[in-house]
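Reading through the structure tokens given below for one structure.
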Amino acid sequence: MKKTVLIVEDERKICLLLQKLLSTDSNSVECAFSLNEGIEKLSSVEPDVVLLDNNLPDGQGVDYIKDFKNGVNRKVIMLSAMHNLRDKAISQGVDCFLEKPVNIKTIRNLLR
């Protein structure tokens, strides 16, 4: 089933690579390079899934999980190299926590 995905990741190369890989599965994929840009895109993109990095130029993604869920039935998947954030992310309502480097097969399976 085709999903609409919003990737919130400040490293452009990573974001664009994920966008390209996930788009080959017929998903609609948008990138945002900051928390503010990601939150702004929520209403126009209306994603089914948000892939959320933690260390972003305008804050920590873990502190904005509830903003990205925003009372909507939307999956938020946190991507971070900081494995010690797992418990905090889960307490904030994240659906899945993946440690970087992530495996694209794992992300594809979560989108199904």
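Residue numbering restarts at 1 for every chain of the structure tokens, chains are lettered A, B, ... in their displayed order, and ligands are numbered from 1 as they appear.
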
Exercise. Considering only C-alpha atoms, return as a PyMOL selection string whatever protein or nucleic-acid residues lie within 8 Å of segment 92-101 of chain A, sequence-local ones (same chain, fewer than 5 positions apart) excluded.
Key: chain A and resi 62-63+65-66+75-83+86

Export, as a short mmCIF file (atom, residue, chain, number, x, y, z; two decimals), in the first residue's frame, the selected residues with C-alpha atoms.
data_model
loop_
_atom_site.label_atom_id
_atom_site.label_comp_id
_atom_site.auth_asym_id
_atom_site.auth_seq_id
_atom_site.Cartn_x
_atom_site.Cartn_y
_atom_site.Cartn_z
CA VAL A 62 12.45 13.63 20.62
CA ASP A 63 10.89 16.76 22.16
CA ILE A 65 7.13 13.68 18.72
CA LYS A 66 3.71 14.76 20.02
CA LYS A 75 3.20 6.69 12.67
CA VAL A 76 6.33 8.49 13.90
CA ILE A 77 9.60 6.62 13.52
CA MET A 78 12.62 8.16 15.25
CA LEU A 79 16.05 7.75 13.66
CA SER A 80 18.99 8.46 15.93
CA ALA A 81 22.56 7.40 16.61
CA MET A 82 21.87 8.07 20.28
CA HIS A 83 20.52 4.73 21.54
CA ARG A 86 14.97 5.10 23.12
#

Quiz item: Could you pull the residues within 6 Å of Pro47 of chain A, counting only C-alpha atoms, minus those fewer than 6 positions along the same chain, as JSON, numbers by chain?
Solution: {"A": [4, 5, 6]}

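Each of A:Leu110, A:Ile90, A:Ile104, A:Leu51 was compared to Phe68 of chain A using only C-alpha atoms, and A:Leu51 turns out to be the nearest.
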
Quiz item: Excluding same-chain residues fewer than 2 positions from segment 10-20 of chain A, what lies within 7 Å of it counting only C-alpha atoms, as a list in words?
Solution: Ile7, Val8, Leu22, Ser23, Thr24, Val29, Glu30, Cys31, Phe33, Ser34 and Leu56 of chain A

Exercise. Please measure the separation of atom CA of Leu42 of chain A and atom CA of Arg108 of chain A, giving the value in Å to one decimal.
Key: 21.0 Å

Could you go through segment 8-108 of chain A and tell me which residues DSSP, when run on the backbone, assigns to alpha helix (DSSP H), listing them as a PDB file with all heavy atoms, in the first residue's frame?
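This is the output file part18.pdb:
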ATOM      1  N   ARG A  12      21.136  16.690   4.278  1.00  0.00           N
ATOM      2  CA  ARG A  12      20.451  16.643   2.985  1.00  0.00           C
ATOM      3  C   ARG A  12      20.724  15.376   2.199  1.00  0.00           C
ATOM      4  O   ARG A  12      19.816  14.805   1.607  1.00  0.00           O
ATOM      5  CB  ARG A  12      20.799  17.872   2.157  1.00  0.00           C
ATOM      6  CG  ARG A  12      20.194  19.129   2.728  1.00  0.00           C
ATOM      7  CD  ARG A  12      20.519  20.368   1.902  1.00  0.00           C
ATOM      8  NE  ARG A  12      20.010  21.539   2.556  1.00  0.00           N
ATOM      9  CZ  ARG A  12      18.795  22.043   2.339  1.00  0.00           C
ATOM     10  NH1 ARG A  12      17.985  21.481   1.483  1.00  0.00           N
ATOM     11  NH2 ARG A  12      18.395  23.120   2.989  1.00  0.00           N
ATOM     12  N   LYS A  13      21.964  14.918   2.200  1.00  0.00           N
ATOM     13  CA  LYS A  13      22.300  13.716   1.434  1.00  0.00           C
ATOM     14  C   LYS A  13      21.555  12.496   1.956  1.00  0.00           C
ATOM     15  O   LYS A  13      21.056  11.693   1.184  1.00  0.00           O
ATOM     16  CB  LYS A  13      23.804  13.473   1.426  1.00  0.00           C
ATOM     17  CG  LYS A  13      24.559  14.479   0.587  1.00  0.00           C
ATOM     18  CD  LYS A  13      26.042  14.194   0.572  1.00  0.00           C
ATOM     19  CE  LYS A  13      26.769  15.221  -0.276  1.00  0.00           C
ATOM     20  NZ  LYS A  13      28.211  14.997  -0.306  1.00  0.00           N
ATOM     21  N   ILE A  14      21.477  12.369   3.278  1.00  0.00           N
ATOM     22  CA  ILE A  14      20.746  11.250   3.872  1.00  0.00           C
ATOM     23  C   ILE A  14      19.269  11.351   3.530  1.00  0.00           C
ATOM     24  O   ILE A  14      18.633  10.370   3.134  1.00  0.00           O
ATOM     25  CB  ILE A  14      20.952  11.207   5.400  1.00  0.00           C
ATOM     26  CG1 ILE A  14      22.399  10.840   5.718  1.00  0.00           C
ATOM     27  CG2 ILE A  14      19.987  10.226   6.057  1.00  0.00           C
ATOM     28  CD1 ILE A  14      22.755  10.938   7.189  1.00  0.00           C
ATOM     29  N   CYS A  15      18.711  12.545   3.674  1.00  0.00           N
ATOM     30  CA  CYS A  15      17.294  12.754   3.400  1.00  0.00           C
ATOM     31  C   CYS A  15      16.965  12.442   1.946  1.00  0.00           C
ATOM     32  O   CYS A  15      16.009  11.723   1.645  1.00  0.00           O
ATOM     33  CB  CYS A  15      16.901  14.186   3.746  1.00  0.00           C
ATOM     34  SG  CYS A  15      15.119  14.433   3.828  1.00  0.00           S
ATOM     35  N   LEU A  16      17.762  12.958   1.039  1.00  0.00           N
ATOM     36  CA  LEU A  16      17.499  12.752  -0.385  1.00  0.00           C
ATOM     37  C   LEU A  16      17.706  11.297  -0.786  1.00  0.00           C
ATOM     38  O   LEU A  16      16.973  10.776  -1.639  1.00  0.00           O
ATOM     39  CB  LEU A  16      18.352  13.692  -1.229  1.00  0.00           C
ATOM     40  CG  LEU A  16      18.044  15.179  -1.013  1.00  0.00           C
ATOM     41  CD1 LEU A  16      19.052  16.053  -1.745  1.00  0.00           C
ATOM     42  CD2 LEU A  16      16.621  15.519  -1.425  1.00  0.00           C
ATOM     43  N   LEU A  17      18.665  10.609  -0.170  1.00  0.00           N
ATOM     44  CA  LEU A  17      18.862   9.188  -0.443  1.00  0.00           C
ATOM     45  C   LEU A  17      17.661   8.381   0.039  1.00  0.00           C
ATOM     46  O   LEU A  17      17.132   7.538  -0.692  1.00  0.00           O
ATOM     47  CB  LEU A  17      20.148   8.688   0.222  1.00  0.00           C
ATOM     48  CG  LEU A  17      20.442   7.202   0.059  1.00  0.00           C
ATOM     49  CD1 LEU A  17      20.628   6.828  -1.412  1.00  0.00           C
ATOM     50  CD2 LEU A  17      21.671   6.815   0.867  1.00  0.00           C
ATOM     51  N   LEU A  18      17.213   8.635   1.264  1.00  0.00           N
ATOM     52  CA  LEU A  18      16.022   7.951   1.773  1.00  0.00           C
ATOM     53  C   LEU A  18      14.812   8.247   0.897  1.00  0.00           C
ATOM     54  O   LEU A  18      14.007   7.347   0.602  1.00  0.00           O
ATOM     55  CB  LEU A  18      15.729   8.374   3.217  1.00  0.00           C
ATOM     56  CG  LEU A  18      16.602   7.771   4.300  1.00  0.00           C
ATOM     57  CD1 LEU A  18      16.337   8.459   5.640  1.00  0.00           C
ATOM     58  CD2 LEU A  18      16.373   6.277   4.414  1.00  0.00           C
ATOM     59  N   GLN A  19      14.676   9.496   0.467  1.00  0.00           N
ATOM     60  CA  GLN A  19      13.561   9.875  -0.399  1.00  0.00           C
ATOM     61  C   GLN A  19      13.593   9.054  -1.691  1.00  0.00           C
ATOM     62  O   GLN A  19      12.578   8.508  -2.114  1.00  0.00           O
ATOM     63  CB  GLN A  19      13.627  11.364  -0.709  1.00  0.00           C
ATOM     64  CG  GLN A  19      12.482  11.847  -1.577  1.00  0.00           C
ATOM     65  CD  GLN A  19      12.602  13.327  -1.909  1.00  0.00           C
ATOM     66  OE1 GLN A  19      13.709  13.839  -2.111  1.00  0.00           O
ATOM     67  NE2 GLN A  19      11.473  13.997  -1.946  1.00  0.00           N
ATOM     68  N   LYS A  20      14.751   8.960  -2.291  1.00  0.00           N
ATOM     69  CA  LYS A  20      14.874   8.214  -3.544  1.00  0.00           C
ATOM     70  C   LYS A  20      14.572   6.728  -3.339  1.00  0.00           C
ATOM     71  O   LYS A  20      13.825   6.124  -4.114  1.00  0.00           O
ATOM     72  CB  LYS A  20      16.277   8.397  -4.117  1.00  0.00           C
ATOM     73  CG  LYS A  20      16.463   7.745  -5.455  1.00  0.00           C
ATOM     74  CD  LYS A  20      17.785   8.105  -6.078  1.00  0.00           C
ATOM     75  CE  LYS A  20      17.849   7.489  -7.472  1.00  0.00           C
ATOM     76  NZ  LYS A  20      18.904   8.047  -8.272  1.00  0.00           N
ATOM     77  N   LEU A  21      15.133   6.135  -2.291  1.00  0.00           N
ATOM     78  CA  LEU A  21      14.925   4.711  -2.041  1.00  0.00           C
ATOM     79  C   LEU A  21      13.468   4.385  -1.718  1.00  0.00           C
ATOM     80  O   LEU A  21      12.929   3.389  -2.198  1.00  0.00           O
ATOM     81  CB  LEU A  21      15.833   4.240  -0.904  1.00  0.00           C
ATOM     82  CG  LEU A  21      17.325   4.219  -1.221  1.00  0.00           C
ATOM     83  CD1 LEU A  21      18.128   3.972   0.046  1.00  0.00           C
ATOM     84  CD2 LEU A  21      17.642   3.168  -2.273  1.00  0.00           C
ATOM     85  N   LEU A  22      12.826   5.222  -0.917  1.00  0.00           N
ATOM     86  CA  LEU A  22      11.432   4.951  -0.542  1.00  0.00           C
ATOM     87  C   LEU A  22      10.457   5.283  -1.670  1.00  0.00           C
ATOM     88  O   LEU A  22       9.382   4.695  -1.763  1.00  0.00           O
ATOM     89  CB  LEU A  22      11.072   5.708   0.733  1.00  0.00           C
ATOM     90  CG  LEU A  22      11.849   5.272   1.978  1.00  0.00           C
ATOM     91  CD1 LEU A  22      11.503   6.159   3.157  1.00  0.00           C
ATOM     92  CD2 LEU A  22      11.608   3.809   2.288  1.00  0.00           C
ATOM     93  N   SER A  23      10.828   6.205  -2.542  1.00  0.00           N
ATOM     94  CA  SER A  23       9.971   6.555  -3.681  1.00  0.00           C
ATOM     95  C   SER A  23       9.900   5.429  -4.702  1.00  0.00           C
ATOM     96  O   SER A  23       8.897   5.301  -5.415  1.00  0.00           O
ATOM     97  CB  SER A  23      10.471   7.829  -4.369  1.00  0.00           C
ATOM     98  OG  SER A  23      10.331   8.928  -3.509  1.00  0.00           O
ATOM     99  N   LEU A  35      13.036  21.043  12.200  1.00  0.00           N
ATOM    100  CA  LEU A  35      11.776  20.781  12.901  1.00  0.00           C
ATOM    101  C   LEU A  35      10.684  21.727  12.427  1.00  0.00           C
ATOM    102  O   LEU A  35       9.561  21.301  12.143  1.00  0.00           O
ATOM    103  CB  LEU A  35      11.974  20.929  14.412  1.00  0.00           C
ATOM    104  CG  LEU A  35      12.780  19.819  15.072  1.00  0.00           C
ATOM    105  CD1 LEU A  35      13.222  20.239  16.467  1.00  0.00           C
ATOM    106  CD2 LEU A  35      11.971  18.538  15.118  1.00  0.00           C
ATOM    107  N   ASN A  36      11.004  23.014  12.350  1.00  0.00           N
ATOM    108  CA  ASN A  36       9.999  23.993  11.931  1.00  0.00           C
ATOM    109  C   ASN A  36       9.472  23.700  10.536  1.00  0.00           C
ATOM    110  O   ASN A  36       8.266  23.763  10.296  1.00  0.00           O
ATOM    111  CB  ASN A  36      10.562  25.416  12.002  1.00  0.00           C
ATOM    112  CG  ASN A  36      10.693  25.907  13.425  1.00  0.00           C
ATOM    113  OD1 ASN A  36       9.953  25.493  14.312  1.00  0.00           O
ATOM    114  ND2 ASN A  36      11.657  26.778  13.665  1.00  0.00           N
ATOM    115  N   GLU A  37      10.383  23.377   9.608  1.00  0.00           N
ATOM    116  CA  GLU A  37       9.945  23.055   8.247  1.00  0.00           C
ATOM    117  C   GLU A  37       9.085  21.795   8.253  1.00  0.00           C
ATOM    118  O   GLU A  37       8.071  21.719   7.560  1.00  0.00           O
ATOM    119  CB  GLU A  37      11.162  22.869   7.337  1.00  0.00           C
ATOM    120  CG  GLU A  37      10.794  22.623   5.889  1.00  0.00           C
ATOM    121  CD  GLU A  37      11.998  22.396   4.988  1.00  0.00           C
ATOM    122  OE1 GLU A  37      13.161  22.437   5.466  1.00  0.00           O
ATOM    123  OE2 GLU A  37      11.762  22.176   3.789  1.00  0.00           O
ATOM    124  N   GLY A  38       9.461  20.813   9.056  1.00  0.00           N
ATOM    125  CA  GLY A  38       8.676  19.580   9.143  1.00  0.00           C
ATOM    126  C   GLY A  38       7.278  19.822   9.676  1.00  0.00           C
ATOM    127  O   GLY A  38       6.294  19.331   9.132  1.00  0.00           O
ATOM    128  N   ILE A  39       7.171  20.606  10.740  1.00  0.00           N
ATOM    129  CA  ILE A  39       5.859  20.908  11.326  1.00  0.00           C
ATOM    130  C   ILE A  39       5.012  21.712  10.342  1.00  0.00           C
ATOM    131  O   ILE A  39       3.812  21.472  10.204  1.00  0.00           O
ATOM    132  CB  ILE A  39       6.027  21.614  12.684  1.00  0.00           C
ATOM    133  CG1 ILE A  39       6.584  20.606  13.701  1.00  0.00           C
ATOM    134  CG2 ILE A  39       4.709  22.205  13.169  1.00  0.00           C
ATOM    135  CD1 ILE A  39       7.048  21.202  15.004  1.00  0.00           C
ATOM    136  N   GLU A  40       5.638  22.635   9.621  1.00  0.00           N
ATOM    137  CA  GLU A  40       4.912  23.424   8.616  1.00  0.00           C
ATOM    138  C   GLU A  40       4.372  22.535   7.495  1.00  0.00           C
ATOM    139  O   GLU A  40       3.292  22.790   6.975  1.00  0.00           O
ATOM    140  CB  GLU A  40       5.821  24.494   8.015  1.00  0.00           C
ATOM    141  CG  GLU A  40       6.078  25.662   8.926  1.00  0.00           C
ATOM    142  CD  GLU A  40       7.083  26.659   8.336  1.00  0.00           C
ATOM    143  OE1 GLU A  40       7.371  26.581   7.128  1.00  0.00           O
ATOM    144  OE2 GLU A  40       7.570  27.508   9.107  1.00  0.00           O
ATOM    145  N   LYS A  41       5.105  21.503   7.129  1.00  0.00           N
ATOM    146  CA  LYS A  41       4.696  20.637   6.020  1.00  0.00           C
ATOM    147  C   LYS A  41       3.610  19.629   6.402  1.00  0.00           C
ATOM    148  O   LYS A  41       3.023  19.012   5.527  1.00  0.00           O
ATOM    149  CB  LYS A  41       5.904  19.889   5.453  1.00  0.00           C
ATOM    150  CG  LYS A  41       6.794  20.764   4.596  1.00  0.00           C
ATOM    151  CD  LYS A  41       7.828  19.937   3.858  1.00  0.00           C
ATOM    152  CE  LYS A  41       8.571  20.810   2.861  1.00  0.00           C
ATOM    153  NZ  LYS A  41       9.450  20.017   1.998  1.00  0.00           N
ATOM    154  N   LEU A  42       3.341  19.460   7.697  1.00  0.00           N
ATOM    155  CA  LEU A  42       2.351  18.470   8.120  1.00  0.00           C
ATOM    156  C   LEU A  42       0.997  18.665   7.451  1.00  0.00           C
ATOM    157  O   LEU A  42       0.385  17.709   6.993  1.00  0.00           O
ATOM    158  CB  LEU A  42       2.168  18.493   9.643  1.00  0.00           C
ATOM    159  CG  LEU A  42       3.268  17.852  10.467  1.00  0.00           C
ATOM    160  CD1 LEU A  42       2.972  18.031  11.940  1.00  0.00           C
ATOM    161  CD2 LEU A  42       3.442  16.391  10.123  1.00  0.00           C
ATOM    162  N   SER A  43       0.520  19.906   7.393  1.00  0.00           N
ATOM    163  CA  SER A  43      -0.821  20.139   6.851  1.00  0.00           C
ATOM    164  C   SER A  43      -0.863  20.000   5.333  1.00  0.00           C
ATOM    165  O   SER A  43      -1.862  19.556   4.784  1.00  0.00           O
ATOM    166  CB  SER A  43      -1.353  21.511   7.271  1.00  0.00           C
ATOM    167  OG  SER A  43      -0.488  22.524   6.813  1.00  0.00           O
ATOM    168  N   SER A  44       0.210  20.348   4.643  1.00  0.00           N
ATOM    169  CA  SER A  44       0.187  20.246   3.181  1.00  0.00           C
ATOM    170  C   SER A  44       0.512  18.835   2.695  1.00  0.00           C
ATOM    171  O   SER A  44      -0.052  18.367   1.720  1.00  0.00           O
ATOM    172  CB  SER A  44       1.155  21.255   2.547  1.00  0.00           C
ATOM    173  OG  SER A  44       2.482  21.006   2.959  1.00  0.00           O
ATOM    174  N   VAL A  45       1.391  18.135   3.401  1.00  0.00           N
ATOM    175  CA  VAL A  45       1.795  16.791   2.989  1.00  0.00           C
ATOM    176  C   VAL A  45       0.838  15.733   3.523  1.00  0.00           C
ATOM    177  O   VAL A  45       0.568  14.742   2.860  1.00  0.00           O
ATOM    178  CB  VAL A  45       3.246  16.503   3.458  1.00  0.00           C
ATOM    179  CG1 VAL A  45       3.654  15.076   3.165  1.00  0.00           C
ATOM    180  CG2 VAL A  45       4.220  17.476   2.819  1.00  0.00           C
ATOM    181  N   ILE A  65       7.880  14.844  19.193  1.00  0.00           N
ATOM    182  CA  ILE A  65       7.134  13.680  18.720  1.00  0.00           C
ATOM    183  C   ILE A  65       5.637  13.946  18.773  1.00  0.00           C
ATOM    184  O   ILE A  65       4.910  13.670  17.815  1.00  0.00           O
ATOM    185  CB  ILE A  65       7.518  12.423  19.525  1.00  0.00           C
ATOM    186  CG1 ILE A  65       8.967  12.043  19.208  1.00  0.00           C
ATOM    187  CG2 ILE A  65       6.562  11.273  19.232  1.00  0.00           C
ATOM    188  CD1 ILE A  65       9.570  11.007  20.134  1.00  0.00           C
ATOM    189  N   LYS A  66       5.153  14.496  19.877  1.00  0.00           N
ATOM    190  CA  LYS A  66       3.707  14.759  20.023  1.00  0.00           C
ATOM    191  C   LYS A  66       3.228  15.780  18.996  1.00  0.00           C
ATOM    192  O   LYS A  66       2.102  15.694  18.506  1.00  0.00           O
ATOM    193  CB  LYS A  66       3.390  15.208  21.442  1.00  0.00           C
ATOM    194  CG  LYS A  66       3.564  14.088  22.444  1.00  0.00           C
ATOM    195  CD  LYS A  66       3.293  14.522  23.860  1.00  0.00           C
ATOM    196  CE  LYS A  66       3.535  13.338  24.786  1.00  0.00           C
ATOM    197  NZ  LYS A  66       3.488  13.675  26.187  1.00  0.00           N
ATOM    198  N   ASP A  67       4.085  16.740  18.635  1.00  0.00           N
ATOM    199  CA  ASP A  67       3.711  17.721  17.614  1.00  0.00           C
ATOM    200  C   ASP A  67       3.527  17.048  16.254  1.00  0.00           C
ATOM    201  O   ASP A  67       2.645  17.427  15.486  1.00  0.00           O
ATOM    202  CB  ASP A  67       4.773  18.820  17.506  1.00  0.00           C
ATOM    203  CG  ASP A  67       4.870  19.647  18.771  1.00  0.00           C
ATOM    204  OD1 ASP A  67       3.959  20.440  19.019  1.00  0.00           O
ATOM    205  OD2 ASP A  67       5.868  19.479  19.507  1.00  0.00           O
ATOM    206  N   PHE A  68       4.363  16.073  15.957  1.00  0.00           N
ATOM    207  CA  PHE A  68       4.247  15.382  14.671  1.00  0.00           C
ATOM    208  C   PHE A  68       3.087  14.404  14.659  1.00  0.00           C
ATOM    209  O   PHE A  68       2.475  14.180  13.627  1.00  0.00           O
ATOM    210  CB  PHE A  68       5.568  14.684  14.301  1.00  0.00           C
ATOM    211  CG  PHE A  68       6.595  15.646  13.790  1.00  0.00           C
ATOM    212  CD1 PHE A  68       7.588  16.129  14.611  1.00  0.00           C
ATOM    213  CD2 PHE A  68       6.536  16.105  12.482  1.00  0.00           C
ATOM    214  CE1 PHE A  68       8.527  17.040  14.148  1.00  0.00           C
ATOM    215  CE2 PHE A  68       7.460  17.019  12.003  1.00  0.00           C
ATOM    216  CZ  PHE A  68       8.451  17.487  12.831  1.00  0.00           C
ATOM    217  N   LYS A  69       2.745  13.837  15.801  1.00  0.00           N
ATOM    218  CA  LYS A  69       1.555  12.979  15.875  1.00  0.00           C
ATOM    219  C   LYS A  69       0.293  13.844  15.811  1.00  0.00           C
ATOM    220  O   LYS A  69      -0.646  13.510  15.118  1.00  0.00           O
ATOM    221  CB  LYS A  69       1.578  12.138  17.146  1.00  0.00           C
ATOM    222  CG  LYS A  69       2.574  10.994  17.055  1.00  0.00           C
ATOM    223  CD  LYS A  69       2.390  10.080  18.211  1.00  0.00           C
ATOM    224  CE  LYS A  69       2.509   8.650  17.946  1.00  0.00           C
ATOM    225  NZ  LYS A  69       2.005   7.956  16.876  1.00  0.00           N
ATOM    226  N   ARG A  86      16.077   6.030  23.378  1.00  0.00           N
ATOM    227  CA  ARG A  86      14.965   5.103  23.116  1.00  0.00           C
ATOM    228  C   ARG A  86      13.845   5.238  24.145  1.00  0.00           C
ATOM    229  O   ARG A  86      12.683   5.411  23.795  1.00  0.00           O
ATOM    230  CB  ARG A  86      15.472   3.673  23.056  1.00  0.00           C
ATOM    231  CG  ARG A  86      14.376   2.643  22.795  1.00  0.00           C
ATOM    232  CD  ARG A  86      14.904   1.223  22.814  1.00  0.00           C
ATOM    233  NE  ARG A  86      15.974   1.022  21.867  1.00  0.00           N
ATOM    234  CZ  ARG A  86      15.805   0.729  20.579  1.00  0.00           C
ATOM    235  NH1 ARG A  86      14.594   0.623  20.097  1.00  0.00           N
ATOM    236  NH2 ARG A  86      16.832   0.549  19.792  1.00  0.00           N
ATOM    237  N   ASP A  87      14.172   5.169  25.428  1.00  0.00           N
ATOM    238  CA  ASP A  87      13.139   5.222  26.474  1.00  0.00           C
ATOM    239  C   ASP A  87      12.389   6.548  26.461  1.00  0.00           C
ATOM    240  O   ASP A  87      11.159   6.574  26.589  1.00  0.00           O
ATOM    241  CB  ASP A  87      13.745   4.971  27.856  1.00  0.00           C
ATOM    242  CG  ASP A  87      14.210   3.531  28.038  1.00  0.00           C
ATOM    243  OD1 ASP A  87      13.751   2.648  27.278  1.00  0.00           O
ATOM    244  OD2 ASP A  87      15.043   3.285  28.934  1.00  0.00           O
ATOM    245  N   LYS A  88      13.112   7.653  26.296  1.00  0.00           N
ATOM    246  CA  LYS A  88      12.454   8.965  26.244  1.00  0.00           C
ATOM    247  C   LYS A  88      11.537   9.048  25.029  1.00  0.00           C
ATOM    248  O   LYS A  88      10.408   9.546  25.120  1.00  0.00           O
ATOM    249  CB  LYS A  88      13.474  10.101  26.212  1.00  0.00           C
ATOM    250  CG  LYS A  88      12.814  11.467  26.240  1.00  0.00           C
ATOM    251  CD  LYS A  88      13.815  12.596  26.337  1.00  0.00           C
ATOM    252  CE  LYS A  88      13.091  13.937  26.391  1.00  0.00           C
ATOM    253  NZ  LYS A  88      14.009  15.065  26.456  1.00  0.00           N
ATOM    254  N   ALA A  89      12.009   8.560  23.883  1.00  0.00           N
ATOM    255  CA  ALA A  89      11.194   8.599  22.665  1.00  0.00           C
ATOM    256  C   ALA A  89       9.923   7.774  22.837  1.00  0.00           C
ATOM    257  O   ALA A  89       8.834   8.210  22.453  1.00  0.00           O
ATOM    258  CB  ALA A  89      12.011   8.098  21.473  1.00  0.00           C
ATOM    259  N   ILE A  90      10.045   6.620  23.441  1.00  0.00           N
ATOM    260  CA  ILE A  90       8.869   5.773  23.675  1.00  0.00           C
ATOM    261  C   ILE A  90       7.897   6.463  24.625  1.00  0.00           C
ATOM    262  O   ILE A  90       6.689   6.458  24.404  1.00  0.00           O
ATOM    263  CB  ILE A  90       9.297   4.383  24.187  1.00  0.00           C
ATOM    264  CG1 ILE A  90       9.991   3.623  23.044  1.00  0.00           C
ATOM    265  CG2 ILE A  90       8.113   3.592  24.728  1.00  0.00           C
ATOM    266  CD1 ILE A  90      10.699   2.351  23.459  1.00  0.00           C
ATOM    267  N   SER A  91       8.426   7.102  25.672  1.00  0.00           N
ATOM    268  CA  SER A  91       7.545   7.799  26.619  1.00  0.00           C
ATOM    269  C   SER A  91       6.845   8.994  25.962  1.00  0.00           C
ATOM    270  O   SER A  91       5.778   9.410  26.403  1.00  0.00           O
ATOM    271  CB  SER A  91       8.307   8.250  27.864  1.00  0.00           C
ATOM    272  OG  SER A  91       9.164   9.329  27.574  1.00  0.00           O
ATOM    273  N   ILE A 104      17.585   0.087   5.254  1.00  0.00           N
ATOM    274  CA  ILE A 104      16.442   0.489   4.421  1.00  0.00           C
ATOM    275  C   ILE A 104      15.366  -0.595   4.392  1.00  0.00           C
ATOM    276  O   ILE A 104      14.171  -0.290   4.328  1.00  0.00           O
ATOM    277  CB  ILE A 104      16.892   0.903   2.989  1.00  0.00           C
ATOM    278  CG1 ILE A 104      15.756   1.594   2.248  1.00  0.00           C
ATOM    279  CG2 ILE A 104      17.418  -0.286   2.223  1.00  0.00           C
ATOM    280  CD1 ILE A 104      15.317   2.899   2.832  1.00  0.00           C
ATOM    281  N   LYS A 105      15.740  -1.862   4.489  1.00  0.00           N
ATOM    282  CA  LYS A 105      14.751  -2.948   4.508  1.00  0.00           C
ATOM    283  C   LYS A 105      13.862  -2.847   5.742  1.00  0.00           C
ATOM    284  O   LYS A 105      12.662  -3.084   5.656  1.00  0.00           O
ATOM    285  CB  LYS A 105      15.448  -4.315   4.463  1.00  0.00           C
ATOM    286  CG  LYS A 105      16.076  -4.635   3.145  1.00  0.00           C
ATOM    287  CD  LYS A 105      16.742  -6.004   3.188  1.00  0.00           C
ATOM    288  CE  LYS A 105      17.466  -6.277   1.885  1.00  0.00           C
ATOM    289  NZ  LYS A 105      18.164  -7.571   1.909  1.00  0.00           N
ATOM    290  N   THR A 106      14.448  -2.465   6.872  1.00  0.00           N
ATOM    291  CA  THR A 106      13.676  -2.297   8.093  1.00  0.00           C
ATOM    292  C   THR A 106      12.655  -1.179   7.924  1.00  0.00           C
ATOM    293  O   THR A 106      11.477  -1.335   8.295  1.00  0.00           O
ATOM    294  CB  THR A 106      14.607  -1.975   9.281  1.00  0.00           C
ATOM    295  OG1 THR A 106      15.551  -3.038   9.432  1.00  0.00           O
ATOM    296  CG2 THR A 106      13.820  -1.804  10.574  1.00  0.00           C
ATOM    297  N   ILE A 107      13.075  -0.063   7.347  1.00  0.00           N
ATOM    298  CA  ILE A 107      12.143   1.042   7.123  1.00  0.00           C
ATOM    299  C   ILE A 107      11.046   0.623   6.160  1.00  0.00           C
ATOM    300  O   ILE A 107       9.865   0.900   6.391  1.00  0.00           O
ATOM    301  CB  ILE A 107      12.893   2.288   6.601  1.00  0.00           C
ATOM    302  CG1 ILE A 107      13.836   2.826   7.674  1.00  0.00           C
ATOM    303  CG2 ILE A 107      11.896   3.381   6.174  1.00  0.00           C
ATOM    304  CD1 ILE A 107      14.727   3.961   7.224  1.00  0.00           C
ATOM    305  N   ARG A 108      11.398  -0.040   5.088  1.00  0.00           N
ATOM    306  CA  ARG A 108      10.387  -0.501   4.118  1.00  0.00           C
ATOM    307  C   ARG A 108       9.365  -1.421   4.789  1.00  0.00           C
ATOM    308  O   ARG A 108       8.170  -1.320   4.536  1.00  0.00           O
ATOM    309  CB  ARG A 108      11.051  -1.195   2.943  1.00  0.00           C
ATOM    310  CG  ARG A 108      11.699  -0.247   1.975  1.00  0.00           C
ATOM    311  CD  ARG A 108      12.320  -0.990   0.821  1.00  0.00           C
ATOM    312  NE  ARG A 108      12.628  -0.068  -0.251  1.00  0.00           N
ATOM    313  CZ  ARG A 108      13.684  -0.190  -1.032  1.00  0.00           C
ATOM    314  NH1 ARG A 108      14.536  -1.185  -0.866  1.00  0.00           N
ATOM    315  NH2 ARG A 108      13.898   0.686  -1.986  1.00  0.00           N
TER     316      ARG A 108
END

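Nearest residue to Asn55 of chain A among A:Val102, A:Glu9, A:Lys2, A:Arg112 is A:Glu9, counting only C-alpha atoms.
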
Quiz prompt | Point-to-point distance from atom CA of Glu46 of chain A to atom CA of Arg74 of chain A, Å rounded to tenths | solution = 9.1 Å

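Looking only at chain A, the set that DSSP places in strand (DSSP E or B) from backbone geometry is A:Thr4, A:Val5, A:Leu6, A:Ile7, A:Val8, A:Ser28, A:Val29, A:Glu30, A:Cys31, A:Ala32, A:Val49, A:Val50, A:Leu51, A:Leu52, A:Asp53, A:Asn55, A:Leu56, A:Gly59, A:Gln60, A:Lys75, A:Val76, A:Ile77, A:Met78, A:Leu79, A:Ser80, A:Cys96, A:Phe97, A:Leu98, A:Glu99.
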